[in-house]
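Visitor: Just data_22.json, nothing more (JSON, C-alpha atoms):
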```json
[["chain", "number", "residue", "atom", "x", "y", "z"],
["A", 1, "MET", "CA", 0.00, 0.00, 0.00],
["A", 2, "GLU", "CA", 1.42, 3.33, -1.03],
["A", 3, "PRO", "CA", 1.93, 5.76, 1.86],
["A", 4, "GLU", "CA", -0.40, 8.72, 1.79],
["A", 5, "PRO", "CA", 1.07, 12.11, 0.89],
["A", 6, "ALA", "CA", 1.09, 13.48, 4.45],
["A", 7, "GLN", "CA", 3.24, 10.56, 5.58],
["A", 8, "ARG", "CA", 5.53, 10.78, 2.57],
["A", 9, "LEU", "CA", 5.96, 14.52, 3.21],
["A", 10, "GLN", "CA", 7.27, 13.76, 6.70],
["A", 11, "GLU", "CA", 9.71, 11.24, 5.28],
["A", 12, "LEU", "CA", 10.96, 13.83, 2.81],
["A", 13, "ASP", "CA", 12.04, 16.21, 5.60],
["A", 14, "LEU", "CA", 11.05, 19.60, 4.21],
["A", 15, "VAL", "CA", 12.01, 22.65, 6.26],
["A", 16, "VAL", "CA", 11.98, 26.42, 5.85],
["A", 17, "GLY", "CA", 15.42, 27.91, 5.32],
["A", 18, "ARG", "CA", 16.66, 31.47, 4.95],
["A", 19, "VAL", "CA", 19.04, 32.42, 2.15],
["A", 20, "THR", "CA", 22.08, 34.07, 3.71],
["A", 21, "ALA", "CA", 24.36, 34.33, 0.66],
["A", 22, "ALA", "CA", 24.57, 33.39, -3.02],
["A", 23, "ASP", "CA", 27.81, 32.73, -4.85],
["A", 24, "ALA", "CA", 28.86, 31.52, -8.26],
["A", 25, "HIS", "CA", 28.88, 27.72, -8.42],
["A", 26, "ARG", "CA", 32.25, 27.10, -9.99],
["A", 27, "GLY", "CA", 32.48, 24.02, -12.13],
["A", 28, "ALA", "CA", 28.72, 23.80, -12.73],
["A", 29, "ARG", "CA", 27.37, 23.44, -16.28],
["A", 30, "GLY", "CA", 25.03, 26.24, -17.29],
["A", 31, "PRO", "CA", 23.83, 29.01, -14.98],
["A", 32, "SER", "CA", 24.11, 27.89, -11.40],
["A", 33, "VAL", "CA", 24.66, 29.40, -8.01],
["A", 34, "LEU", "CA", 25.33, 27.94, -4.62],
["A", 35, "LEU", "CA", 23.01, 29.27, -1.92],
["A", 36, "ASP", "CA", 24.08, 29.47, 1.71],
["A", 37, "LEU", "CA", 21.10, 28.63, 3.90],
["A", 38, "ASP", "CA", 20.27, 29.03, 7.58],
["A", 39, "LEU", "CA", 18.07, 26.11, 8.63],
["A", 40, "GLY", "CA", 17.71, 27.32, 12.24],
["A", 41, "PRO", "CA", 18.21, 24.44, 14.68],
["A", 42, "ARG", "CA", 19.12, 22.24, 11.70],
["A", 43, "GLY", "CA", 22.21, 24.35, 11.16],
["A", 44, "PRO", "CA", 23.71, 25.90, 8.01],
["A", 45, "ALA", "CA", 23.55, 24.24, 4.61],
["A", 46, "GLN", "CA", 24.33, 24.86, 0.97],
["A", 47, "ALA", "CA", 22.18, 24.08, -2.06],
["A", 48, "PRO", "CA", 22.66, 24.63, -5.78],
["A", 49, "LEU", "CA", 20.10, 26.56, -7.83],
["A", 50, "PRO", "CA", 20.08, 26.87, -11.65],
["A", 51, "VAL", "CA", 19.66, 30.65, -11.88],
["A", 52, "GLN", "CA", 21.80, 33.65, -12.71],
["A", 53, "LEU", "CA", 23.87, 35.09, -9.90],
["A", 54, "ASP", "CA", 21.99, 38.43, -9.90],
["A", 55, "ASP", "CA", 18.67, 36.64, -9.44],
["A", 56, "ALA", "CA", 20.10, 34.54, -6.64],
["A", 57, "GLN", "CA", 21.57, 37.52, -4.84],
["A", 58, "ALA", "CA", 18.10, 39.10, -4.82],
["A", 59, "LEU", "CA", 16.98, 36.12, -2.73],
["A", 60, "VAL", "CA", 19.35, 36.87, 0.16],
["A", 61, "GLY", "CA", 17.30, 37.40, 3.31],
["A", 62, "SER", "CA", 14.22, 35.59, 2.05],
["A", 63, "GLN", "CA", 12.84, 32.24, 3.15],
["A", 64, "VAL", "CA", 12.64, 29.22, 0.88],
["A", 65, "VAL", "CA", 11.57, 25.60, 1.32],
["A", 66, "CYS", "CA", 14.34, 22.98, 1.45],
["A", 67, "ALA", "CA", 14.35, 19.19, 1.17],
["A", 68, "ILE", "CA", 17.04, 17.81, 3.45],
["A", 69, "GLY", "CA", 18.81, 14.65, 2.35],
["A", 70, "ALA", "CA", 21.51, 12.56, 3.94],
["A", 71, "ASP", "CA", 24.25, 14.29, 1.96],
["A", 72, "ASP", "CA", 22.74, 17.33, 0.33],
["A", 73, "VAL", "CA", 19.92, 19.84, 0.36],
["A", 74, "ALA", "CA", 17.59, 20.84, -2.49],
["A", 75, "VAL", "CA", 15.59, 24.07, -2.71],
["A", 76, "LEU", "CA", 12.01, 23.63, -3.92],
["A", 77, "ALA", "CA", 11.26, 25.46, -7.16],
["A", 78, "VAL", "CA", 8.95, 25.45, -10.16],
["A", 79, "ARG", "CA", 10.73, 25.31, -13.50],
["A", 80, "SER", "CA", 8.30, 27.38, -15.56],
["A", 81, "HIS", "CA", 8.55, 28.93, -19.01],
["A", 82, "ALA", "CA", 9.20, 32.18, -17.12],
["A", 83, "GLY", "CA", 12.23, 30.69, -15.39],
["A", 84, "VAL", "CA", 12.87, 29.24, -11.96],
["A", 85, "VAL", "CA", 10.20, 30.26, -9.43],
["A", 86, "LEU", "CA", 10.87, 29.43, -5.78],
["A", 87, "VAL", "CA", 8.23, 28.70, -3.17],
["A", 88, "HIS", "CA", 8.08, 30.72, 0.03],
["A", 89, "PRO", "CA", 6.02, 30.61, 3.22],
["A", 90, "ALA", "CA", 3.16, 33.14, 3.04],
["A", 91, "ARG", "CA", 4.40, 34.78, 6.25],
["A", 92, "ALA", "CA", 7.75, 34.74, 8.02],
["A", 93, "VAL", "CA", 8.15, 31.68, 10.22],
["A", 94, "GLU", "CA", 11.08, 30.47, 12.31],
["A", 95, "ASP", "CA", 14.02, 29.24, 10.25],
["A", 96, "GLY", "CA", 14.07, 25.45, 10.34],
["A", 97, "SER", "CA", 10.29, 25.11, 10.75],
["A", 98, "PRO", "CA", 9.10, 21.81, 9.29],
["A", 99, "VAL", "CA", 6.82, 21.90, 6.25],
["A", 100, "ALA", "CA", 4.30, 19.07, 6.05],
["B", 1, "MET", "CA", 21.85, 4.09, -0.41],
["B", 2, "GLU", "CA", 19.26, 6.71, 0.43],
["B", 3, "PRO", "CA", 17.92, 8.59, -2.61],
["B", 4, "GLU", "CA", 19.00, 12.19, -2.78],
["B", 5, "PRO", "CA", 16.39, 14.86, -2.06],
["B", 6, "ALA", "CA", 15.92, 15.90, -5.69],
["B", 7, "GLN", "CA", 14.97, 12.34, -6.61],
["B", 8, "ARG", "CA", 12.72, 11.94, -3.60],
["B", 9, "LEU", "CA", 11.00, 15.21, -4.48],
["B", 10, "GLN", "CA", 10.10, 13.81, -7.88],
["B", 11, "GLU", "CA", 8.70, 10.67, -6.30],
["B", 12, "LEU", "CA", 6.58, 12.79, -3.97],
["B", 13, "ASP", "CA", 4.76, 14.43, -6.89],
["B", 14, "LEU", "CA", 4.44, 18.04, -5.73],
["B", 15, "VAL", "CA", 2.46, 20.40, -7.96],
["B", 16, "VAL", "CA", 1.13, 23.94, -7.79],
["B", 17, "GLY", "CA", -2.63, 24.12, -7.32],
["B", 18, "ARG", "CA", -5.07, 27.00, -7.15],
["B", 19, "VAL", "CA", -7.66, 27.21, -4.39],
["B", 20, "THR", "CA", -11.09, 27.55, -6.02],
["B", 21, "ALA", "CA", -13.34, 27.16, -2.95],
["B", 22, "ALA", "CA", -13.23, 26.45, 0.78],
["B", 23, "ASP", "CA", -16.03, 24.78, 2.70],
["B", 24, "ALA", "CA", -16.60, 23.50, 6.20],
["B", 25, "HIS", "CA", -15.26, 19.97, 6.59],
["B", 26, "ARG", "CA", -18.21, 18.26, 8.25],
["B", 27, "GLY", "CA", -17.34, 15.46, 10.60],
["B", 28, "ALA", "CA", -13.77, 16.63, 11.15],
["B", 29, "ARG", "CA", -12.39, 16.99, 14.68],
["B", 30, "GLY", "CA", -11.23, 20.53, 15.50],
["B", 31, "PRO", "CA", -11.09, 23.38, 13.00],
["B", 32, "SER", "CA", -10.90, 22.01, 9.49],
["B", 33, "VAL", "CA", -11.93, 23.03, 6.02],
["B", 34, "LEU", "CA", -11.99, 21.21, 2.74],
["B", 35, "LEU", "CA", -10.28, 23.11, -0.08],
["B", 36, "ASP", "CA", -11.31, 22.68, -3.69],
["B", 37, "LEU", "CA", -8.19, 22.82, -5.86],
["B", 38, "ASP", "CA", -7.52, 23.27, -9.57],
["B", 39, "LEU", "CA", -4.41, 21.27, -10.48],
["B", 40, "GLY", "CA", -4.47, 22.31, -14.14],
["B", 41, "PRO", "CA", -3.87, 19.27, -16.39],
["B", 42, "ARG", "CA", -3.94, 17.09, -13.27],
["B", 43, "GLY", "CA", -7.61, 17.96, -12.81],
["B", 44, "PRO", "CA", -9.60, 19.08, -9.78],
["B", 45, "ALA", "CA", -8.90, 17.80, -6.26],
["B", 46, "GLN", "CA", -9.89, 18.34, -2.67],
["B", 47, "ALA", "CA", -7.62, 18.59, 0.37],
["B", 48, "PRO", "CA", -8.32, 19.16, 4.07],
["B", 49, "LEU", "CA", -6.65, 22.01, 5.96],
["B", 50, "PRO", "CA", -6.78, 22.54, 9.75],
["B", 51, "VAL", "CA", -7.76, 26.23, 9.74],
["B", 52, "GLN", "CA", -10.85, 28.31, 10.41],
["B", 53, "LEU", "CA", -13.27, 28.72, 7.54],
["B", 54, "ASP", "CA", -12.73, 32.50, 7.31],
["B", 55, "ASP", "CA", -8.99, 32.01, 6.92],
["B", 56, "ALA", "CA", -9.52, 29.36, 4.27],
["B", 57, "GLN", "CA", -11.94, 31.48, 2.30],
["B", 58, "ALA", "CA", -9.28, 34.21, 2.14],
["B", 59, "LEU", "CA", -7.14, 31.70, 0.22],
["B", 60, "VAL", "CA", -9.59, 31.36, -2.68],
["B", 61, "GLY", "CA", -7.84, 32.39, -5.88],
["B", 62, "SER", "CA", -4.31, 31.91, -4.55],
["B", 63, "GLN", "CA", -1.81, 29.22, -5.45],
["B", 64, "VAL", "CA", -0.55, 26.62, -2.99],
["B", 65, "VAL", "CA", 1.75, 23.62, -3.22],
["B", 66, "CYS", "CA", 0.12, 20.17, -3.14],
["B", 67, "ALA", "CA", 1.46, 16.66, -2.62],
["B", 68, "ILE", "CA", -0.51, 14.25, -4.78],
["B", 69, "GLY", "CA", -1.04, 10.75, -3.46],
["B", 70, "ALA", "CA", -2.79, 7.72, -4.88],
["B", 71, "ASP", "CA", -5.99, 8.48, -3.00],
["B", 72, "ASP", "CA", -5.69, 11.96, -1.59],
["B", 73, "VAL", "CA", -3.96, 15.31, -1.80],
["B", 74, "ALA", "CA", -2.18, 17.26, 0.95],
["B", 75, "VAL", "CA", -1.48, 20.99, 0.95],
["B", 76, "LEU", "CA", 2.00, 21.96, 2.14],
["B", 77, "ALA", "CA", 2.00, 24.13, 5.25],
["B", 78, "VAL", "CA", 4.10, 25.15, 8.22],
["B", 79, "ARG", "CA", 2.47, 24.60, 11.59],
["B", 80, "SER", "CA", 3.97, 27.54, 13.48],
["B", 81, "HIS", "CA", 3.12, 29.10, 16.84],
["B", 82, "ALA", "CA", 1.36, 31.77, 14.75],
["B", 83, "GLY", "CA", -0.92, 29.19, 13.14],
["B", 84, "VAL", "CA", -0.92, 27.38, 9.82],
["B", 85, "VAL", "CA", 1.23, 29.13, 7.20],
["B", 86, "LEU", "CA", 0.95, 27.88, 3.62],
["B", 87, "VAL", "CA", 3.70, 27.99, 1.02],
["B", 88, "HIS", "CA", 3.16, 29.72, -2.30],
["B", 89, "PRO", "CA", 5.15, 30.16, -5.49],
["B", 90, "ALA", "CA", 6.90, 33.55, -5.51],
["B", 91, "ARG", "CA", 5.19, 34.43, -8.80],
["B", 92, "ALA", "CA", 2.10, 33.08, -10.53],
["B", 93, "VAL", "CA", 2.85, 29.93, -12.52],
["B", 94, "GLU", "CA", 0.59, 27.62, -14.48],
["B", 95, "ASP", "CA", -1.74, 25.54, -12.32],
["B", 96, "GLY", "CA", -0.41, 22.00, -12.18],
["B", 97, "SER", "CA", 3.23, 23.01, -12.61],
["B", 98, "PRO", "CA", 5.52, 20.47, -10.95],
["B", 99, "VAL", "CA", 7.58, 21.57, -7.96],
["B", 100, "ALA", "CA", 10.95, 19.86, -7.62]]
```
Could you rewrite the structure in this file as structure tokens?

Guide:
Amino acid sequence: MEPEPAQRLQELDLVVGRVTAADAHRGARGPSVLLDLDLGPRGPAQAPLPVQLDDAQALVGSQVVCAIGADDVAVLAVRSHAGVVLVHPARAVEDGSPVA
Amino acid sequence: MEPEPAQRLQELDLVVGRVTAADAHRGARGPSVLLDLDLGPRGPAQAPLPVQLDDAQALVGSQVVCAIGADDVAVLAVRSHAGVVLVHPARAVEDGSPVA
């Protein structure tokens, strides 16, 4: 029996993180930056994002939603025809808050 | 070896949905509404949300992020001390756009 989405969301370990810096992702193919993230009690992390550096630097200070894995962290985004669109909490919440 | 978060995100099947209506969720324990959602090419869906009806009705027309399961749909939210905070795309995207 397939787990229901609420249970699978918990297994995925999604948390709110705050972008603290954005730097060029050297060695990456195509446009890519490396975001520095503050995950609150979960500590700092880094995640790649396939956007231009200017766009990424505009994200500094804002909150995003992150999927935490054993070895790396991914930032949730929609790849639309208008580019990469991140998802944010509707209001500021504590960094590291779980999303379920 | 544990799948990396990007792969697990794809397996979770997250899409952007638009709230089209919010109604009292009869029979639920505690505050709960049932949201009607437009998932674009993925069709219509319903998902419960543990908020007051007034708060849910204020969501009508806005986009949220949904986890699609075999039998039901969950809306992504942060349960903070300030209440339930949903996550939204930073800009309008097409309903049904995948989030990864």

Visitor: Using only C-alpha atoms, which residues sit within 10 Å of A:Ala100 once same-chain residues fewer than 5 positions away are excluded, as a list in words?

Guide: Pro5, Ala6, Gln7, Arg8, Leu9, Gln10, Glu11, Leu12, Asp13, Leu14 and Val15 of chain A; Ala67, Ala74, Val75, Leu76, Ala77, Val78, Arg79 and Leu86 of chain B

Visitor: Hey, what's within 6 Å of stretch 48-52 of chain A if we count all atoms listed in the file and toss same-chain stuff fewer than 6 positions away? As JSON, numbers by chain, please?

Guide: {"A": [31, 32, 33, 34]}

Visitor: Write the residues you've just listed into a file as a short mmCIF file (atom, residue, chain, number, x, y, z; two decimals), in the frame of the given file, and include C-alpha atoms for each of them.

Guide:
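Output file result04.cif is given in full below:
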```cif
data_model
loop_
_atom_site.label_atom_id
_atom_site.label_comp_id
_atom_site.auth_asym_id
_atom_site.auth_seq_id
_atom_site.Cartn_x
_atom_site.Cartn_y
_atom_site.Cartn_z
CA PRO A 31 23.83 29.01 -14.98
CA SER A 32 24.11 27.89 -11.40
CA VAL A 33 24.66 29.40 -8.01
CA LEU A 34 25.33 27.94 -4.62
#
```

Visitor: Work out how far atom CA of A:Val19 is from atom CA of B:Arg18, in Å to one decimal.

Guide: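 Between atom CA of B:Arg18 and atom CA of A:Val19 the gap is 26.4 Å.
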
Visitor: Stretch 94-96 of chain B: which residues within 7 Å, counting all atoms listed in the file, same-chain residues fewer than 6 positions away excluded, as a list in words?

Guide: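 The contact residues come out as Val15, Val16, Gly17, Arg18, Asp38, Leu39, Gly40, Pro41 and Arg42 of chain B.
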
Visitor: Between A:Gly27, A:Gly43, A:Ala70, A:Ala21, which has the minimum distance to A:Ala56 (counting all atoms listed in the file)?

Guide: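 Closest to A:Ala56 of all the choices is A:Ala21.
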
Visitor: In Å to one decimal, how far is atom CA of A:Val93 from atom CA of B:His81?

Guide: 8.7 Å

Visitor: Rank A:Leu35, A:Leu53, A:Val73, A:Val84 by their smallest atom-to-atom distance to chain B, using only C-alpha atoms, and report the top residue only.

Guide: A:Val73

Visitor: Interatomic distance between atom CA of A:Asp36 and atom CA of A:Thr20?

Guide: 5.4 Å

Visitor: For A:Val64, which residue among B:Val85, B:Arg29, B:Ala90, B:Gln46 is the nearest when counting all atoms listed in the file?

Guide: B:Ala90

Visitor: With only C-alpha atoms as the basis for distance, which of A:Ala28, A:Gly83, A:Glu4, A:Gln57 is at the shortest distance from chain B?

Guide: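 Distance minimum relative to chain B lands on A:Glu4.
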
Visitor: Output as lines of an AutoDock Vina configuration file the centre and edge lengths (Å, one decimal) of the box along x, y and z of the file that holds every listed atom of stretch 73-82 of chain B after adding 4 Å on each side.

Guide:
```
center_x = 0.1
center_y = 23.5
center_z = 7.5
size_x = 16.1
size_y = 24.5
size_z = 26.6
```

Visitor: Given the choices A:Val60, A:Asp54, A:Ala47, A:His25, which gets closest to chain B if the distance is worked out from all atoms listed in the file?

Guide: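 Comparing A:Val60, A:Asp54, A:Ala47, A:His25 against chain B, the winner is A:Ala47.
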